[in-house]
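Peer 1: mmCIF, C-alpha atoms, file work06.cif:
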```cif
data_upload
#
loop_
_atom_site.label_atom_id
_atom_site.label_comp_id
_atom_site.auth_asym_id
_atom_site.auth_seq_id
_atom_site.Cartn_x
_atom_site.Cartn_y
_atom_site.Cartn_z
CA MET G 209 91.08 83.56 119.07
CA LYS G 210 92.82 86.69 120.29
CA ARG G 211 90.69 89.61 121.38
CA PHE G 212 91.34 93.34 121.09
CA GLY G 213 89.29 96.49 121.61
CA SER G 214 86.53 97.43 124.01
CA THR G 215 84.94 95.14 126.55
CA HIS G 216 81.90 93.07 125.61
CA GLN G 217 79.60 95.37 127.59
CA LYS G 218 80.86 98.58 125.96
CA MET G 219 80.70 97.46 122.34
CA HIS G 220 79.06 99.74 119.80
CA GLU G 221 79.77 101.32 116.42
CA MET G 222 82.31 104.12 116.68
CA ASP G 223 81.00 107.70 116.60
CA GLU G 224 82.81 110.76 115.25
CA ASN G 225 84.10 111.73 118.71
CA GLU G 226 85.77 108.35 119.20
CA ILE G 227 87.21 108.43 115.70
CA PHE G 228 88.62 111.91 116.33
CA LEU G 229 90.24 110.81 119.63
CA MET G 230 91.79 107.81 117.89
CA HIS G 231 93.34 110.04 115.24
CA LEU G 232 94.51 112.54 117.86
CA HIS G 233 96.09 109.74 119.90
CA LEU G 234 97.87 108.47 116.79
CA LEU G 235 99.11 111.98 115.99
CA ILE G 236 100.62 112.24 119.48
CA VAL G 237 102.29 108.84 119.07
CA ILE G 238 103.64 109.93 115.67
CA ILE G 239 105.19 113.11 117.09
CA LYS G 240 106.64 111.36 120.15
CA ALA G 241 108.13 108.68 117.92
CA ALA G 242 109.62 111.29 115.56
CA LEU G 243 111.14 113.21 118.48
CA LYS G 244 112.70 109.97 119.74
CA GLY G 245 114.19 109.32 116.33
CA TYR G 246 112.26 106.19 115.31
CA PRO G 247 112.58 105.41 111.61
CA GLY G 248 110.01 107.02 109.35
CA GLY G 249 110.05 105.38 105.95
CA GLU G 250 107.89 106.16 102.96
CA HIS G 251 104.62 104.59 104.18
CA ARG G 252 104.90 105.90 107.72
CA LYS G 253 105.73 109.41 106.56
CA ALA G 254 102.74 109.51 104.20
CA ALA G 255 100.47 108.13 106.91
CA ALA G 256 101.75 110.69 109.42
CA LEU G 257 101.07 113.60 107.07
CA ASN G 258 97.64 112.17 106.32
CA THR G 259 96.87 111.87 110.04
CA ALA G 260 97.96 115.46 110.66
CA GLY G 261 95.62 116.63 107.90
CA THR G 262 92.75 114.48 109.18
CA VAL G 263 93.06 115.77 112.75
CA HIS G 264 93.18 119.37 111.52
CA LYS G 265 90.05 118.80 109.43
CA LEU G 266 88.11 116.91 112.11
CA ILE G 267 88.79 119.38 114.94
CA SER G 268 87.63 122.31 112.82
CA ASN G 269 83.96 121.28 112.92
CA LEU G 270 83.75 119.00 115.95
CA ASP G 271 81.49 119.83 118.91
CA LEU G 272 83.95 119.43 121.80
CA SER G 273 81.35 119.37 124.58
CA PHE G 274 81.83 115.58 124.92
CA LEU G 275 85.29 116.22 126.39
CA GLY G 276 83.93 118.26 129.31
CA LEU G 277 86.88 120.60 128.96
CA LYS G 278 88.00 122.71 131.91
CA THR G 279 89.48 125.19 129.46
CA SER G 280 88.15 127.20 126.54
CA SER G 281 87.14 124.89 123.69
CA HIS G 282 88.48 127.53 121.29
CA LEU G 283 91.89 127.37 122.97
CA PHE G 284 91.88 123.55 122.87
CA ARG G 285 90.85 123.57 119.22
CA GLU G 286 93.70 125.95 118.35
CA ARG G 287 96.19 123.80 120.31
CA VAL G 288 95.17 120.72 118.35
CA LYS G 289 95.39 122.60 115.05
CA LEU G 290 98.85 123.81 116.06
CA LEU G 291 99.84 120.24 116.94
CA SER G 292 98.81 119.02 113.50
CA VAL G 293 100.89 121.77 111.88
CA MET G 294 103.83 120.92 114.16
CA ALA G 295 103.48 117.24 113.23
CA ALA G 296 103.50 117.98 109.50
CA ALA G 297 106.59 120.16 109.91
CA ILE G 298 108.44 117.55 111.99
CA VAL G 299 107.58 114.59 109.78
CA SER G 300 108.31 116.39 106.52
CA GLU G 301 111.81 117.25 107.84
CA ASP G 302 111.67 120.42 105.75
CA TYR G 303 112.09 122.74 108.73
CA PRO G 304 114.75 122.96 111.44
CA LEU G 305 113.72 121.64 114.85
CA GLY G 306 115.74 123.27 117.61
CA ILE G 307 115.59 122.91 121.38
CA HIS G 308 112.89 125.56 121.80
CA ARG G 309 110.62 124.11 119.13
CA ARG G 310 111.01 120.63 120.63
CA GLU G 311 110.08 122.02 124.02
CA ALA G 312 107.04 123.82 122.57
CA VAL G 313 105.86 120.61 120.92
CA ARG G 314 106.26 118.62 124.14
CA ASP G 315 104.39 121.30 126.13
CA ASN G 316 101.54 121.29 123.63
CA ILE G 317 101.31 117.48 123.73
CA GLU G 318 101.30 117.52 127.52
CA ILE G 319 98.44 120.02 127.72
CA ILE G 320 96.36 118.33 125.01
CA THR G 321 96.88 114.94 126.66
CA GLU G 322 95.81 116.33 130.01
CA TYR G 323 92.49 117.49 128.55
CA ALA G 324 91.73 114.81 125.97
CA PHE G 325 93.19 111.70 127.66
CA PRO G 326 93.26 112.48 131.39
CA ASP G 327 93.20 108.83 132.47
CA LYS G 328 95.38 107.29 129.81
CA ASN G 329 99.03 106.47 129.53
CA LEU G 330 99.82 107.19 125.88
CA GLU G 331 102.48 104.51 125.55
CA LEU G 332 104.79 104.01 122.61
CA PHE G 333 105.01 100.53 121.10
CA HIS G 334 108.76 100.40 120.76
CA GLU G 335 108.94 96.99 119.06
CA VAL G 336 106.47 98.11 116.42
CA LEU G 337 108.01 101.54 115.90
CA ARG G 338 111.46 100.05 115.42
CA VAL G 339 110.19 98.27 112.33
CA ALA G 340 111.26 100.61 109.55
CA MET D 178 96.76 101.57 110.17
CA THR D 179 99.45 102.40 107.61
CA TYR D 180 101.49 104.17 110.28
CA CYS D 181 101.13 101.25 112.72
CA VAL D 182 102.14 98.56 110.27
CA ASN D 183 104.56 100.64 108.15
CA ARG D 184 103.51 98.81 105.02
CA GLU D 185 101.15 99.56 102.20
CA VAL D 186 97.54 99.24 103.38
CA LYS D 187 94.79 98.55 100.88
CA SER D 188 91.27 99.55 101.86
CA PHE D 189 88.04 98.63 100.10
CA ASP D 190 84.49 99.90 100.32
CA ASN D 191 82.99 96.43 100.34
CA GLY D 192 83.90 92.77 100.72
CA ARG D 193 83.48 91.96 97.03
CA LEU D 194 86.10 94.51 95.99
CA ALA D 195 88.48 93.19 98.65
CA TRP D 196 87.96 89.64 97.43
CA GLU D 197 88.48 90.64 93.80
CA TYR D 198 91.85 92.16 94.76
CA ILE D 199 92.87 89.09 96.78
CA ASN D 200 91.63 86.61 94.20
CA ALA D 201 93.50 88.42 91.43
CA GLY D 202 96.74 87.67 93.27
CA GLY D 203 97.09 90.93 95.19
CA GLU D 204 99.75 90.72 97.85
CA VAL D 205 98.25 90.22 101.31
CA ASP D 206 99.85 89.48 104.67
CA ILE D 207 96.96 90.20 107.01
CA VAL D 208 93.29 91.14 106.61
CA ILE D 209 91.24 93.23 109.01
CA SER D 210 87.61 93.21 107.97
CA ASP D 211 84.41 94.66 109.34
CA VAL D 212 81.48 92.24 109.53
CA ASP D 213 78.87 94.58 108.10
CA MET D 214 79.86 95.41 104.56
CA PRO D 215 77.75 95.73 101.42
CA GLU D 216 77.75 92.97 98.78
CA MET D 217 79.96 90.56 100.77
CA ASP D 218 80.14 90.55 104.57
CA GLY D 219 83.24 89.88 106.65
CA PHE D 220 82.43 86.23 107.34
CA GLU D 221 81.96 85.40 103.66
CA LEU D 222 85.18 87.23 102.82
CA MET D 223 86.99 85.24 105.53
CA ASP D 224 85.66 81.92 104.15
CA LYS D 225 86.95 82.74 100.68
CA PHE D 226 90.24 84.11 102.01
CA ARG D 227 90.81 80.96 104.12
CA GLU D 228 90.45 78.75 101.06
CA LYS D 229 93.16 80.70 99.26
CA TYR D 230 95.45 81.54 102.19
CA PRO D 231 94.81 79.12 105.09
CA ASP D 232 97.92 80.23 106.96
CA LYS D 233 97.48 84.00 106.84
CA ALA D 234 95.86 86.06 109.59
CA PHE D 235 92.27 87.25 109.28
CA ILE D 236 90.89 89.61 111.90
CA ILE D 237 87.19 90.37 112.24
CA MET D 238 86.09 93.77 113.54
CA SER D 239 82.62 94.63 114.80
CA GLY D 240 80.63 96.77 117.22
CA VAL D 241 78.02 94.03 117.68
CA SER D 242 78.75 91.71 120.58
CA ASP D 243 77.05 88.66 118.99
CA ASN D 244 79.62 88.75 116.21
CA GLU D 245 82.41 87.86 118.64
CA ARG D 246 81.11 84.34 119.14
CA LYS D 247 80.35 83.99 115.45
CA SER D 248 83.93 85.02 114.67
CA GLN D 249 85.28 82.40 117.03
CA ILE D 250 83.13 79.68 115.49
CA ALA D 251 84.08 80.81 111.96
CA GLY D 252 87.79 80.56 112.85
CA ALA D 253 88.98 84.16 112.93
CA ASP D 254 92.50 84.67 114.25
CA ALA D 255 91.38 87.67 116.28
CA PHE D 256 88.37 89.79 117.07
CA LEU D 257 88.63 93.59 117.24
CA ALA D 258 85.74 94.98 119.26
CA LYS D 259 84.53 98.49 118.47
CA PRO D 260 85.11 101.04 119.79
CA PHE D 261 88.84 100.40 119.78
CA GLU D 262 91.88 102.57 120.32
CA ILE D 263 95.04 103.11 118.36
CA THR D 264 96.88 100.98 120.92
CA ASP D 265 94.75 98.02 119.83
CA LEU D 266 96.00 98.43 116.27
CA PHE D 267 99.60 98.56 117.52
CA ARG D 268 98.95 95.40 119.57
CA ILE D 269 97.58 93.64 116.50
CA VAL D 270 100.63 94.64 114.48
CA GLN D 271 102.89 93.47 117.28
CA GLU D 272 101.06 90.14 117.56
CA PHE D 273 100.59 89.29 113.88
CA VAL D 274 103.33 91.20 112.07
CA VAL D 275 106.30 91.91 114.35
CA ASP D 276 106.21 88.74 116.48
#
```
Can the structure in the file be given as structure tokens, please?

Peer 2:
Amino acid sequence: MKRFGSTHQKMHEMDENEIFLMHLHLLIVIIKAALKGYPGGEHRKAAALNTAGTVHKLISNLDLSFLGLKTSSHLFRERVKLLSVMAAAIVSEDYPLGIHRREAVRDNIEIITEYAFPDKNLELFHEVLRVA
Amino acid sequence: MTYCVNREVKSFDNGRLAWEYINAGGEVDIVISDVDMPEMDGFELMDKFREKYPDKAFIIMSGVSDNERKSQIAGADAFLAKPFEITDLFRIVQEFVVD
């Protein structure tokens, strides 16, 4: 039997903070994949838009003290909201995405990652993402 | 999960509803099921699923450590321990769908 997920010692039901971080992580993967030109497809596009909406909704009412932020929680919250709007715009392909917007998205991802996932390498699963 | 697998994902509020979909001939490639569900738990769902689709992957998910051993004994293809990360879902897709 294959095993995935947390270690035996750390197992517990997921709380709202962990669920939020999982959605935020996915949103970052979605944007990175879109910027690299991985295929979207109907299901993936719908899921991406849904994830952007979920992150925007979750961050609005979440107590961010669990992150131990070294920046204003208001600023972090607004960055995440902006990221979800950026993601929806990129995935929908309804708006032009020039060099400056790409750079702004990357900067936002970098700062959010630094605060929310300081010890993690947010890798892309290329083999999976290539599956259109 | 839909983004990871890039296929239609059906989700159900309890094991009975999942089984009704499967038993009615609903298309299924892989099942990821929590253990603790109302009306029909994950192990019972897996037993029924195995009878119908012995060769398809069934993954048990739980935040209770005792359920890992139970899953192994019951013959699950994989165990997803909570809390998990999005990378775990990508790994599952890579293992059971892509590969």

Peer 1: Expressed in Å to a single decimal, how great is the separation between atom CA of Ser239 of chain D and atom CA of Ile269 of chain D?

Peer 2: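 Taking atom CA of Ser239 of chain D as the start and atom CA of Ile269 of chain D as the end point, the length is 15.1 Å.
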
Peer 1: Show me, as a PyMOL selection string, every residue of chain D with an atom at most 8 Å from chain G, counting all atoms listed in the file.

Peer 2: chain D and resi 179-185+239-242+249+252-263+265+267+269-271+275

Peer 1: Name every residue that the PyMOL selection byres ((chain G and resi 284) around 10) selects in this structure, writing the answer as a short mmCIF file (atom, residue, chain, number, x, y, z; two decimals) with C-alpha atoms, in the frame of the given file with chains first and numbers rising.

Peer 2:
```cif
data_model
loop_
_atom_site.label_atom_id
_atom_site.label_comp_id
_atom_site.auth_asym_id
_atom_site.auth_seq_id
_atom_site.Cartn_x
_atom_site.Cartn_y
_atom_site.Cartn_z
CA ILE G 267 88.79 119.38 114.94
CA LEU G 272 83.95 119.43 121.80
CA LEU G 277 86.88 120.60 128.96
CA LYS G 278 88.00 122.71 131.91
CA THR G 279 89.48 125.19 129.46
CA SER G 280 88.15 127.20 126.54
CA SER G 281 87.14 124.89 123.69
CA HIS G 282 88.48 127.53 121.29
CA LEU G 283 91.89 127.37 122.97
CA ARG G 285 90.85 123.57 119.22
CA GLU G 286 93.70 125.95 118.35
CA ARG G 287 96.19 123.80 120.31
CA VAL G 288 95.17 120.72 118.35
CA LYS G 289 95.39 122.60 115.05
CA LEU G 290 98.85 123.81 116.06
CA ASN G 316 101.54 121.29 123.63
CA ILE G 319 98.44 120.02 127.72
CA ILE G 320 96.36 118.33 125.01
CA TYR G 323 92.49 117.49 128.55
CA ALA G 324 91.73 114.81 125.97
#
```

Peer 1: Which residue is closest to Gly219 of chain D? Choose from D:Asn244, D:Pro231, D:Val186, D:Ile207 and count only C-alpha atoms.

Peer 2: D:Asn244

Peer 1: Work out how far atom CA of Asn329 of chain G is from atom CA of Glu245 of chain D, in Å to one decimal.

Peer 2: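 According to the coordinates, atom CA of Glu245 of chain D and atom CA of Asn329 of chain G are separated by 27.2 Å.
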
Peer 1: Using the chain letters and numbers from this file, what does the PyMOL selection byres ((chain D and resi 191-206) around 6) select? Give the answer as a list of chain:residue names.

Peer 2: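 With the shown file as input, the PyMOL selection byres ((chain D and resi 191-206) around 6) matches D:Phe189, D:Asp190, D:Ile207, D:Met214, D:Pro215, D:Met217, D:Asp218.
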
Peer 1: Pull out every residue that the PyMOL selection byres ((chain G and resi 292) around 7) matches in the shown coordinates and put them as a list in words.

Peer 2: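 Those residues are Ala260, Gly261, Val263, His264, Val288, Lys289, Leu290, Leu291, Val293, Met294, Ala295 and Ala296 of chain G.
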
Peer 1: Keeping C-alpha atoms, export the residues of the selection given above as an mmCIF file, keeping the file's coordinate frame.

Peer 2:
```cif
data_model
loop_
_atom_site.group_PDB
_atom_site.id
_atom_site.type_symbol
_atom_site.label_atom_id
_atom_site.label_comp_id
_atom_site.auth_asym_id
_atom_site.auth_seq_id
_atom_site.Cartn_x
_atom_site.Cartn_y
_atom_site.Cartn_z
ATOM 1 C CA ALA G 260 97.960 115.460 110.660
ATOM 2 C CA GLY G 261 95.620 116.630 107.900
ATOM 3 C CA VAL G 263 93.060 115.770 112.750
ATOM 4 C CA HIS G 264 93.180 119.370 111.520
ATOM 5 C CA VAL G 288 95.170 120.720 118.350
ATOM 6 C CA LYS G 289 95.390 122.600 115.050
ATOM 7 C CA LEU G 290 98.850 123.810 116.060
ATOM 8 C CA LEU G 291 99.840 120.240 116.940
ATOM 9 C CA VAL G 293 100.890 121.770 111.880
ATOM 10 C CA MET G 294 103.830 120.920 114.160
ATOM 11 C CA ALA G 295 103.480 117.240 113.230
ATOM 12 C CA ALA G 296 103.500 117.980 109.500
#
```

Peer 1: Could you tell me which of G:Ile236, G:Ala242, G:Arg309, G:Ile298 comes closest to Thr264 of chain D if we count all atoms listed in the file?

Peer 2: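 Between G:Ile236, G:Ala242, G:Arg309, G:Ile298, the residue approaching Thr264 of chain D most closely is G:Ile236.
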
Peer 1: Please measure the separation of atom CA of Ser248 of chain D and atom CA of Phe220 of chain D, giving the value in Å to one decimal.

Peer 2: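 Atom CA of Phe220 of chain D lies 7.6 Å from atom CA of Ser248 of chain D.
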
Peer 1: Just checking: using all atoms listed in the file, which residue out of D:Arg268, D:Val208, D:Val274, D:Lys187 ends up closest to Met238 of chain D?

Peer 2: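 Ranked by minimum distance to Met238 of chain D, first place goes to D:Val208.
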
Peer 1: Point out the residue among D:Lys247, D:Leu222, D:Ser188, D:Ile236 with the least atom-to-atom distance to Leu266 of chain D, counting only C-alpha atoms.

Peer 2: D:Ile236
